[in-house]
>>> print(open('input17.csv').read())   # CSV, C-alpha atoms and all ligand atoms
chain,number,residue,atom,x,y,z
N,14,VAL,CA,-20.3,-9.0,-20.3
N,15,LEU,CA,-17.3,-10.1,-18.2
N,16,SER,CA,-16.5,-6.8,-16.8
N,17,LEU,CA,-13.0,-5.5,-15.9
N,18,ALA,CA,-14.4,-2.1,-15.2
N,19,GLY,CA,-15.6,-0.4,-12.0
N,20,GLY,CA,-13.0,-1.3,-9.5
N,21,LEU,CA,-15.5,-2.3,-6.9
N,22,PRO,CA,-14.6,-4.4,-3.9
N,23,ALA,CA,-15.8,-8.0,-4.1
N,24,VAL,CA,-19.3,-8.4,-2.5
N,25,GLU,CA,-18.3,-11.8,-1.1
N,26,THR,CA,-15.7,-10.2,1.1
N,27,PHE,CA,-18.2,-8.0,3.0
N,28,PRO,CA,-18.7,-9.3,6.6
N,29,HIS,CA,-22.5,-9.1,6.2
N,30,GLY,CA,-23.4,-11.4,9.1
N,31,GLU,CA,-21.0,-9.8,11.6
N,32,LEU,CA,-22.2,-6.3,10.7
N,33,LEU,CA,-25.8,-7.4,11.2
N,34,ARG,CA,-25.0,-8.8,14.6
N,35,SER,CA,-23.3,-5.5,15.6
N,36,LEU,CA,-26.3,-3.6,14.3
N,37,GLU,CA,-28.6,-5.8,16.6
N,38,ARG,CA,-26.3,-5.0,19.6
N,39,ALA,CA,-26.6,-1.2,19.0
N,40,GLY,CA,-29.4,0.2,21.2
N,41,PRO,CA,-31.9,2.9,20.3
N,42,SER,CA,-29.4,5.6,21.4
N,43,ALA,CA,-27.3,4.7,18.3
N,44,LEU,CA,-30.1,6.5,16.4
N,45,GLN,CA,-29.5,9.8,18.2
N,46,TYR,CA,-27.6,12.8,16.9
N,47,ASP,CA,-23.9,12.7,17.5
N,48,TRP,CA,-20.8,15.0,17.2
N,49,PRO,CA,-19.5,16.3,13.9
N,50,GLU,CA,-16.1,14.8,14.4
N,51,GLY,CA,-17.4,11.3,14.6
N,52,ARG,CA,-17.5,8.6,17.3
N,53,LYS,CA,-14.6,8.5,19.8
N,54,GLY,CA,-14.0,4.8,19.5
N,55,LEU,CA,-13.6,4.9,15.8
N,56,ARG,CA,-11.3,7.9,16.0
N,57,ASP,CA,-9.1,6.1,18.6
N,58,TRP,CA,-9.0,3.0,16.3
N,59,ILE,CA,-7.9,5.1,13.3
N,60,ALA,CA,-5.3,7.0,15.4
N,61,GLN,CA,-3.9,3.7,16.7
N,62,ARG,CA,-3.6,2.1,13.3
N,63,LEU,CA,-1.7,5.2,12.0
N,64,ALA,CA,0.5,5.2,15.1
N,65,ARG,CA,1.6,1.6,14.2
N,66,ARG,CA,2.8,3.1,10.9
N,67,GLY,CA,4.9,5.7,12.7
N,68,ALA,CA,2.4,8.6,12.5
N,69,LYS,CA,1.8,10.3,15.9
N,70,VAL,CA,-1.9,11.2,15.6
N,71,SER,CA,-4.1,12.5,18.3
N,72,PRO,CA,-7.7,11.1,18.0
N,73,GLU,CA,-8.7,14.8,18.3
N,74,ASP,CA,-7.2,15.5,14.9
N,75,VAL,CA,-9.2,12.7,13.2
N,76,LEU,CA,-12.5,13.6,11.6
N,77,VAL,CA,-14.8,10.7,10.5
N,78,THR,CA,-16.2,11.5,7.1
N,79,SER,CA,-18.7,10.1,4.6
N,80,GLY,CA,-16.0,8.1,2.8
N,81,ALA,CA,-12.6,9.2,1.6
N,82,GLN,CA,-14.4,11.3,-1.1
N,83,GLN,CA,-15.9,13.7,1.5
N,84,ALA,CA,-12.5,13.8,3.3
N,85,LEU,CA,-10.9,15.0,0.0
N,86,ASP,CA,-13.5,17.7,-0.3
N,87,ILE,CA,-13.0,18.9,3.3
N,88,ALA,CA,-9.3,18.8,2.8
N,89,LEU,CA,-9.6,21.1,-0.2
N,90,SER,CA,-11.7,23.5,1.7
N,91,LEU,CA,-8.9,23.7,4.4
N,92,ALA,CA,-6.2,24.3,1.8
N,93,GLU,CA,-8.3,27.2,0.4
N,94,GLY,CA,-6.3,29.8,-1.4
N,95,THR,CA,-3.6,27.3,-2.1
N,96,THR,CA,-5.7,25.0,-4.2
N,97,GLN,CA,-5.7,27.0,-7.4
N,98,THR,CA,-3.0,24.8,-9.0
N,99,ILE,CA,-3.1,21.1,-7.9
N,100,ALA,CA,-0.5,18.6,-9.0
N,101,VAL,CA,-1.9,15.2,-9.7
N,102,PRO,CA,-0.2,11.9,-10.9
N,103,PRO,CA,-0.1,11.4,-14.7
N,104,THR,CA,-2.8,8.7,-14.2
N,105,CYS,CA,-5.1,9.6,-11.3
N,106,TYR,CA,-8.2,8.5,-9.4
N,107,PRO,CA,-11.1,10.1,-11.4
N,108,GLY,CA,-13.1,11.0,-8.3
N,109,ALA,CA,-10.2,13.3,-7.3
N,110,LEU,CA,-9.9,14.8,-10.8
N,111,ASP,CA,-13.6,15.5,-11.0
N,112,LEU,CA,-13.7,17.0,-7.5
N,113,PHE,CA,-10.7,19.3,-8.1
N,114,GLU,CA,-12.1,20.4,-11.4
N,115,ALA,CA,-15.6,21.0,-9.9
N,116,ARG,CA,-13.9,23.2,-7.2
N,117,GLY,CA,-12.2,25.3,-10.0
N,118,ALA,CA,-8.7,24.1,-9.6
N,119,ARG,CA,-6.2,24.1,-12.4
N,120,LEU,CA,-4.7,20.6,-12.7
N,121,VAL,CA,-1.0,20.0,-13.6
N,122,THR,CA,1.3,17.1,-13.5
N,123,ASP,CA,4.4,19.1,-12.7
N,124,GLU,CA,4.6,19.3,-8.9
N,125,ARG,CA,7.0,22.3,-9.0
N,126,ALA,CA,4.2,24.4,-10.5
N,127,ALA,CA,1.6,23.4,-7.8
N,128,SER,CA,0.4,24.8,-4.5
N,129,LEU,CA,-1.1,21.5,-3.5
N,130,VAL,CA,0.1,18.0,-4.4
N,131,TYR,CA,-2.4,15.1,-4.5
N,132,ALA,CA,-0.7,11.8,-4.0
N,133,MET,CA,-1.5,8.1,-3.4
N,134,PRO,CA,2.0,7.0,-2.1
N,135,ALA,CA,1.1,3.5,-0.7
N,136,VAL,CA,-1.0,2.2,-3.6
N,137,ALA,CA,-2.3,4.3,-6.4
N,138,ASN,CA,-5.5,4.0,-8.3
N,139,PRO,CA,-5.4,3.1,-11.3
N,140,THR,CA,-1.9,1.6,-11.4
N,141,GLY,CA,-1.9,-0.5,-8.2
N,142,LEU,CA,1.7,0.7,-7.7
N,143,GLY,CA,3.4,2.4,-4.7
N,144,ALA,CA,5.3,5.6,-5.2
N,145,PRO,CA,8.9,5.0,-6.5
N,146,PRO,CA,11.6,4.9,-3.8
N,147,GLY,CA,12.7,8.4,-2.8
N,148,THR,CA,9.5,10.1,-3.9
N,149,ALA,CA,8.0,10.2,-0.4
N,150,ASP,CA,11.2,11.8,1.0
N,151,ALA,CA,11.2,14.4,-1.8
N,152,TRP,CA,7.5,15.2,-1.0
N,153,ALA,CA,8.2,15.4,2.7
N,154,ARG,CA,11.2,17.8,2.1
N,155,ALA,CA,9.2,20.1,-0.2
N,156,ARG,CA,7.1,22.5,1.8
N,157,THR,CA,4.1,22.2,-0.5
N,158,THR,CA,0.8,21.1,1.2
N,159,LEU,CA,0.3,17.3,0.5
N,160,LEU,CA,-3.1,15.7,0.2
N,161,GLU,CA,-2.3,12.1,0.9
N,162,ASP,CA,-4.9,9.6,-0.3
N,163,ASP,CA,-4.2,6.4,1.6
N,164,ALA,CA,-7.4,4.5,0.4
N,165,TYR,CA,-5.6,1.3,-0.6
N,166,ALA,CA,-2.6,1.3,1.8
N,167,GLU,CA,-3.7,-1.7,3.7
N,168,LEU,CA,-4.1,-3.7,0.5
N,169,ARG,CA,-0.5,-4.0,-0.5
N,170,PHE,CA,-0.2,-7.7,-1.4
N,171,ASP,CA,3.1,-8.2,0.4
N,172,GLY,CA,1.6,-6.7,3.6
N,173,SER,CA,4.2,-4.0,3.8
N,174,LEU,CA,2.7,-0.9,5.2
N,175,PRO,CA,4.8,2.1,4.2
N,176,ALA,CA,5.0,4.9,6.7
N,177,PRO,CA,2.4,7.5,5.6
N,178,LEU,CA,3.5,10.9,4.5
N,179,LEU,CA,1.7,12.0,7.6
N,180,ALA,CA,4.5,10.4,9.7
N,181,ARG,CA,7.2,12.3,7.7
N,182,ALA,CA,5.7,15.8,7.4
N,183,PRO,CA,2.7,16.0,9.8
N,184,GLU,CA,2.6,19.8,9.6
N,185,HIS,CA,1.9,20.0,5.9
N,186,VAL,CA,0.0,16.8,5.2
N,187,LEU,CA,-3.8,16.4,5.0
N,188,HIS,CA,-4.3,12.6,5.3
N,189,VAL,CA,-7.3,10.8,3.9
N,190,GLY,CA,-8.3,7.2,4.6
N,191,THR,CA,-11.3,4.9,4.3
N,192,LEU,CA,-12.9,1.6,5.2
N,193,SER,CA,-14.5,1.4,1.7
N,194,LYS,CA,-11.8,-0.9,0.3
N,195,THR,CA,-11.2,-3.2,3.3
N,196,LEU,CA,-14.6,-3.4,4.9
N,197,CYS,CA,-17.4,-2.2,2.6
N,198,PRO,CA,-18.2,1.1,0.8
N,199,GLY,CA,-21.9,1.2,1.6
N,200,LEU,CA,-21.5,2.3,5.2
N,201,ARG,CA,-19.5,5.4,4.0
N,202,ILE,CA,-16.8,5.4,6.7
N,203,GLY,CA,-13.7,7.5,5.8
N,204,TRP,CA,-11.5,10.0,7.6
N,205,LEU,CA,-9.4,13.1,7.4
N,206,VAL,CA,-6.4,13.7,9.6
N,207,THR,CA,-5.4,17.3,9.8
N,208,PRO,CA,-2.6,19.2,11.6
N,209,GLU,CA,-3.8,20.4,14.9
N,210,ARG,CA,-4.0,24.1,13.8
N,211,LEU,CA,-6.7,23.1,11.2
N,212,ARG,CA,-8.7,20.8,13.6
N,213,GLU,CA,-11.4,23.4,14.4
N,214,ARG,CA,-11.9,24.5,10.8
N,215,ALA,CA,-12.3,20.9,9.7
N,216,ARG,CA,-14.9,20.2,12.3
N,217,ARG,CA,-16.7,23.4,11.5
N,218,TYR,CA,-16.8,22.6,7.7
N,219,LYS,CA,-18.1,19.1,8.5
N,220,HIS,CA,-20.7,20.6,10.8
N,221,VAL,CA,-22.1,23.2,8.4
N,222,THR,CA,-22.1,20.7,5.6
N,223,ASP,CA,-24.0,17.8,7.1
N,224,LEU,CA,-24.0,18.3,11.0
N,225,GLN,CA,-22.4,15.0,11.4
N,226,GLY,CA,-21.6,11.7,9.6
N,227,ASN,CA,-23.9,8.7,9.8
N,228,SER,CA,-23.4,7.9,13.5
N,229,PHE,CA,-25.5,4.8,13.3
N,230,ALA,CA,-23.2,3.3,10.7
N,231,GLN,CA,-20.2,4.4,12.8
N,232,ARG,CA,-21.7,2.7,15.9
N,233,VAL,CA,-22.2,-0.5,13.9
N,234,VAL,CA,-18.6,-0.4,12.6
N,235,GLU,CA,-17.2,0.5,16.0
N,236,GLY,CA,-19.0,-2.5,17.6
N,237,TYR,CA,-17.8,-4.8,14.8
N,238,LEU,CA,-14.1,-3.6,15.1
N,239,ALA,CA,-14.2,-4.2,18.9
N,240,ARG,CA,-14.9,-7.9,18.3
N,241,GLU,CA,-13.0,-8.7,15.1
N,242,ASP,CA,-9.4,-9.2,14.4
N,243,TYR,CA,-9.0,-6.7,11.6
N,244,ASP,CA,-5.4,-7.7,10.8
N,245,ARG,CA,-6.5,-11.3,10.1
N,246,ARG,CA,-9.2,-9.9,7.9
N,247,LEU,CA,-6.6,-7.9,6.0
N,248,LEU,CA,-4.4,-10.9,5.6
N,249,ARG,CA,-7.3,-12.8,3.9
N,250,LEU,CA,-8.2,-9.8,1.7
N,251,ARG,CA,-4.6,-9.4,0.5
N,252,ARG,CA,-4.5,-13.0,-0.5
N,253,PHE,CA,-7.9,-12.8,-2.1
N,254,TYR,CA,-7.1,-9.8,-4.3
N,255,ALA,CA,-3.5,-10.9,-5.0
N,256,ARG,CA,-4.9,-14.1,-6.5
N,257,ARG,CA,-7.2,-12.1,-8.8
N,258,ALA,CA,-4.3,-9.8,-9.8
N,259,GLU,CA,-2.1,-12.8,-10.6
N,260,ALA,CA,-4.8,-14.3,-12.8
N,261,LEU,CA,-5.3,-11.0,-14.7
N,262,VAL,CA,-1.6,-10.5,-15.2
N,263,ALA,CA,-1.1,-14.1,-16.5
N,264,ALA,CA,-4.0,-13.6,-18.9
N,265,LEU,CA,-2.7,-10.3,-20.2
N,266,ARG,CA,0.8,-11.8,-20.8
N,267,ARG,CA,-0.9,-14.6,-22.8
N,268,GLU,CA,-3.5,-12.7,-24.8
N,269,LEU,CA,-2.2,-9.1,-25.0
N,270,PRO,CA,1.6,-9.4,-25.3
N,271,SER,CA,1.9,-6.2,-27.3
N,272,CYS,CA,0.4,-4.1,-24.5
N,273,SER,CA,2.5,-2.6,-21.7
N,274,PHE,CA,1.5,-2.7,-18.0
N,275,ALA,CA,3.2,-3.0,-14.6
N,276,GLU,CA,2.3,-5.8,-12.2
N,277,PRO,CA,0.2,-4.2,-9.4
N,278,GLU,CA,1.6,-4.2,-5.9
N,279,GLY,CA,-1.8,-3.9,-4.3
N,280,GLY,CA,-5.2,-2.4,-4.7
N,281,PHE,CA,-7.9,-3.3,-7.2
N,282,SER,CA,-6.6,-2.5,-10.6
N,283,LEU,CA,-3.8,-2.1,-13.1
N,284,TRP,CA,-3.1,0.3,-16.0
N,285,VAL,CA,-2.6,-0.8,-19.6
N,286,GLU,CA,-1.1,1.2,-22.5
N,287,THR,CA,-1.3,0.2,-26.1
N,288,GLU,CA,0.4,1.4,-29.2
N,289,GLU,CA,-2.8,2.4,-30.9
N,290,PRO,CA,-4.0,6.0,-31.1
N,291,ARG,CA,-6.6,6.8,-28.4
N,292,ASP,CA,-10.3,6.8,-29.1
N,293,ASP,CA,-11.9,5.7,-25.8
N,294,VAL,CA,-15.5,5.6,-26.9
N,295,ARG,CA,-14.7,3.5,-30.0
N,296,PHE,CA,-12.7,1.0,-27.9
N,297,LEU,CA,-15.2,0.7,-25.2
N,298,ARG,CA,-18.0,0.0,-27.7
N,299,LEU,CA,-15.9,-2.7,-29.3
N,300,ALA,CA,-15.0,-4.2,-25.8
N,301,LEU,CA,-18.7,-4.4,-25.0
N,302,LYS,CA,-19.5,-5.8,-28.4
N,303,HIS,CA,-17.0,-8.6,-27.7
N,304,GLY,CA,-18.5,-9.2,-24.2
N,305,SER,CA,-15.8,-7.5,-22.0
N,306,SER,CA,-15.4,-4.1,-20.5
N,307,CYS,CA,-12.8,-1.7,-19.0
N,308,ASP,CA,-12.5,1.8,-17.7
N,309,PRO,CA,-11.5,4.2,-20.5
N,310,GLY,CA,-8.1,5.9,-20.1
N,311,GLY,CA,-9.3,9.4,-20.6
N,312,ASP,CA,-11.2,9.3,-17.2
N,313,PHE,CA,-7.8,9.0,-15.4
N,314,CYS,CA,-5.9,11.7,-17.2
N,315,VAL,CA,-5.7,15.5,-17.1
N,316,GLU,CA,-5.6,15.5,-20.9
N,317,ARG,CA,-8.7,13.5,-21.6
N,318,THR,CA,-8.0,12.9,-25.3
N,319,GLY,CA,-5.0,12.4,-27.5
N,320,GLY,CA,-2.0,10.1,-27.0
N,321,PRO,CA,-2.0,6.3,-27.1
N,322,LEU,CA,-5.0,4.2,-26.2
N,323,CYS,CA,-4.9,3.3,-22.5
N,324,PHE,CA,-7.3,1.9,-20.0
N,325,ARG,CA,-7.7,0.6,-16.5
N,326,LEU,CA,-8.5,-3.1,-15.8
N,327,ALA,CA,-9.9,-3.9,-12.4
N,328,PHE,CA,-9.4,-7.4,-11.1
N,329,SER,CA,-11.2,-6.8,-7.8
N,330,SER,CA,-14.7,-8.1,-8.6
N,331,LEU,CA,-14.1,-10.8,-11.2
N,332,PRO,CA,-13.3,-14.3,-10.1
N,333,PRO,CA,-9.9,-15.7,-11.2
N,334,ARG,CA,-11.5,-18.4,-13.3
N,335,SER,CA,-13.3,-15.8,-15.5
N,336,MET,CA,-10.2,-13.7,-16.0
N,337,PRO,CA,-8.8,-15.7,-19.1
N,338,GLU,CA,-12.0,-15.4,-21.0
N,339,ALA,CA,-12.5,-11.7,-20.1
N,340,VAL,CA,-9.1,-10.9,-21.4
N,341,LYS,CA,-9.5,-13.0,-24.5
N,342,ARG,CA,-12.6,-10.9,-25.4
N,343,LEU,CA,-10.7,-7.7,-24.7
N,344,ALA,CA,-7.9,-8.9,-27.0
N,345,ARG,CA,-10.5,-9.6,-29.8
N,346,ALA,CA,-11.8,-6.1,-29.3
N,347,LEU,CA,-8.3,-4.6,-29.5
N,348,ALA,CA,-7.5,-6.5,-32.6
N,349,GLU,CA,-10.7,-5.2,-34.3
N,350,TYR,CA,-9.9,-1.7,-33.0
N,351,ALA,CA,-6.4,-1.9,-34.6
N,352,ARG,CA,-7.8,-3.2,-37.9
N,353,ARG,CA,-10.4,-0.4,-38.0
N,354,THR,CA,-7.8,2.3,-37.1
N,355,ALA,CA,-5.5,1.1,-39.8
N,356,ALA,CA,-8.3,1.0,-42.3
N,357,SER,CA,-9.4,4.5,-41.6
N,358,ALA,CA,-5.8,5.9,-41.6
N,401,LIG,C1,-7.9,6.5,-4.6
N,401,LIG,C2,-9.3,6.6,-4.0
N,401,LIG,N1,-9.6,7.6,-3.1
N,401,LIG,C3,-10.8,7.7,-2.6
N,401,LIG,C4,-11.8,7.0,-3.1
N,401,LIG,C5,-13.2,7.2,-2.5
N,401,LIG,O1,-13.5,6.2,-1.5
N,401,LIG,P1,-14.8,6.3,-0.6
N,401,LIG,O2,-15.7,5.2,-1.0
N,401,LIG,O3,-14.2,6.0,0.8
N,401,LIG,O4,-15.4,7.6,-0.7
N,401,LIG,C6,-11.6,6.0,-4.0
N,401,LIG,C7,-12.7,5.1,-4.5
N,401,LIG,O5,-12.7,4.5,-5.5
N,401,LIG,C8,-10.3,5.8,-4.5
N,401,LIG,O6,-10.0,4.9,-5.4
>>> encode(input="input17.csv", output="structure tokens")
Amino acid sequence: VLSLAGGLPAVETFPHGELLRSLERAGPSALQYDWPEGRKGLRDWIAQRLARRGAKVSPEDVLVTSGAQQALDIALSLAEGTTQTIAVPPTCYPGALDLFEARGARLVTDERAASLVYAMPAVANPTGLGAPPGTADAWARARTTLLEDDAYAELRFDGSLPAPLLARAPEHVLHVGTLSKTLCPGLRIGWLVTPERLRERARRYKHVTDLQGNSFAQRVVEGYLAREDYDRRLLRLRRFYARRAEALVAALRRELPSCSFAEPEGGFSLWVETEEPRDDVRFLRLALKHGSSCDPGGDFCVERTGGPLCFRLAFSSLPPRSMPEAVKRLARALAEYARRTAASA
């Protein structure tokens, strides 16, 4: 199977050797307990990077978490009482949808009806697109609590780094970031930035949940970041993923001209809509039968069934040379899907 599913970072981009050397440099004390908020050096690094994008962040307001996923969970706990109705984008990161549902929230796509807005303004998963112009200003003006997921912000292909919502409305933004996309996900380094008034509650939640994050991994990453030029790494990564995105877009234009999609501006994936009625399971089975794969659309939508067939295609972990063949196989699957749908109508 040539898989366009998953949306994992490419293994060949992980700085395995450099991380190993940093691990060797960390002494035995790196294995000791540490503080719930995470290592100071890492929190300074995160605050400095956000400052470059116009957000005045004190390292004290940064909590290092086990990936962005735990940061989302802690953020929800802080916004308690206001989380009953959460607005999500029409196509949304499934990990957020699943978390919000597991915490009993009602999900809507109309922001006016919500007490909390979940947004991925810089680059969204699954679309690979930034928020349309003016949206960020509107969010910042509304007084609703914003849960800003910045996971892919540093992977905009043109290198533009939009000011985070945190810079515009620091008092009502809970800001989530991660190294999973630009370093590696296995070390589980993410963060949550809260307004100062919520700092203690965030720390306390982290403490009662797991005492502290993985301080050994934090030490390794801190040592790595102290020696590496992270901006140069990002430059390489953006080129790397942009090439993959281009190869996928070219193949889609050739093989699936009847499908609609927008060229991604960054991230790991894009979103495809077809004119066929939606049956995710049937389409996935056919994709696999033809030797390709994608992420079924229902996983990304509040309404998991109904509407037209749609799916996410991830370009992040497939080499550009394999893209034409992967999409050809998907096109064969879609053709068979259309034939079968017409026959059963
Ligand atoms: C938009 C978004 N937010 C958060 C996460 C979770 O990232 P982490 O590995 O840092 O928990 C992901 C992972 O796919 C994601 O796509």
>>> residues_around(input="input17.csv", residues="region 117-127 of chain N", least_positions_apart="3", cutoff="7 Å", atoms="all atoms listed in the file", output="list in words")
Thr96, Gln97, Thr98, Ile99, Ala100, Val101, Pro102, Pro103, Phe113, Glu114, Val130 and Val315 of chain N
>>> atom_distance(input="input17.csv", atom1="CA of Ala92 (chain N)", atom2="CA of Gly54 (chain N)")
27.5 Å
>>> closest_atom_pairs(input="input17.csv", of="region 317-346 of chain N", to="region 281-299 of chain N", cutoff="10 Å", atoms="all atoms listed in the file", output="tab-separated table")
residue	atom	partner	partner_atom	distance
N:Arg317	CA	N:Asp293	CA	9.4
N:Thr318	CA	N:Arg291	CA	7.0
N:Gly319	CA	N:Arg291	CA	5.9
N:Gly320	CA	N:Arg291	CA	5.8
N:Pro321	CA	N:Pro290	CA	4.5
N:Leu322	CA	N:Arg291	CA	3.8
N:Cys323	CA	N:Glu286	CA	4.3
N:Phe324	CA	N:Val285	CA	5.4
N:Arg325	CA	N:Trp284	CA	4.6
N:Leu326	CA	N:Leu283	CA	5.5
N:Ala327	CA	N:Ser282	CA	4.0
N:Phe328	CA	N:Ser282	CA	5.7
N:Ser329	CA	N:Phe281	CA	4.8
N:Ser330	CA	N:Phe281	CA	8.4
N:Arg342	CA	N:Leu299	CA	9.7
N:Leu343	CA	N:Leu299	CA	8.6
N:Arg345	CA	N:Leu299	CA	8.8
N:Ala346	CA	N:Leu299	CA	5.3
>>> atom_distance(input="input17.csv", atom1="CA of Gly108 (chain N)", atom2="atom C5 of ligand LIG 401 (chain N)")
6.9 Å
>>> atom_distance(input="input17.csv", atom1="CA of Glu268 (chain N)", atom2="CA of Gly20 (chain N)")
21.3 Å
>>> residues_around(input="input17.csv", residues="region 176-183 of chain N", least_positions_apart="5", cutoff="9 Å", atoms="all atoms listed in the file", output="ChimeraX atom specification")
/N:63-70,134-135,149-150,152-154,156,159,161,163,166,188,206-208
>>> residues_near_ligand(input="input17.csv", ligand="ligand LIG 401 (chain N)", cutoff="6 Å", atoms="only C-alpha atoms and all ligand atoms", output="PyMOL selection string")
chain N and resi 80-82+106+138+162+164+191+193+198+203
>>> closest_residue(input="input17.csv", among="N:Lys341, N:His303, N:Arg352, N:Arg251", to="Ala264 (chain N)", atoms="all atoms listed in the file")
N:Lys341
>>> residues_around(input="input17.csv", residues="region 45-51 of chain N", least_positions_apart="2", cutoff="10 Å", atoms="only C-alpha atoms", output="VMD selection string")
chain N and resid 41 to 43 53 to 56 72 to 78 202 204 to 205 212 to 213 215 to 229 231 to 232
>>> closest_residue(input="input17.csv", among="N:Ala151, N:Ala39, N:Gly190, N:Glu184", to="Gln83 (chain N)", atoms="only C-alpha atoms")
N:Gly190
>>> residues_around(input="input17.csv", residues="Leu168 (chain N)", least_positions_apart="5", cutoff="12 Å", atoms="all atoms listed in the file", output="PyMOL selection string")
chain N and resi 22+135-138+141-143+163+173-175+191-196+244+246-255+258+277-282+329
>>> residues_near_point(input="input17.csv", point="(-14.8, -3.8, 16.0)", cutoff="10 Å", atoms="only C-alpha atoms", output="ChimeraX atom specification")
/N:31-32,35,54-55,58,232-243
>>> closest_residue(input="input17.csv", among="N:Ser90, N:Lys302, N:Asp171, N:Arg257", to="Ala23 (chain N)", atoms="all atoms listed in the file")
N:Arg257
>>> closest_residue(input="input17.csv", among="N:Arg214, N:Arg266, N:His29, N:Arg201", to="Ala344 (chain N)", atoms="only C-alpha atoms")
N:Arg266
>>> closest_residue(input="input17.csv", among="N:Leu347, N:Leu129, N:Leu200, N:Leu17", to="Leu261 (chain N)", atoms="all atoms listed in the file")
N:Leu17
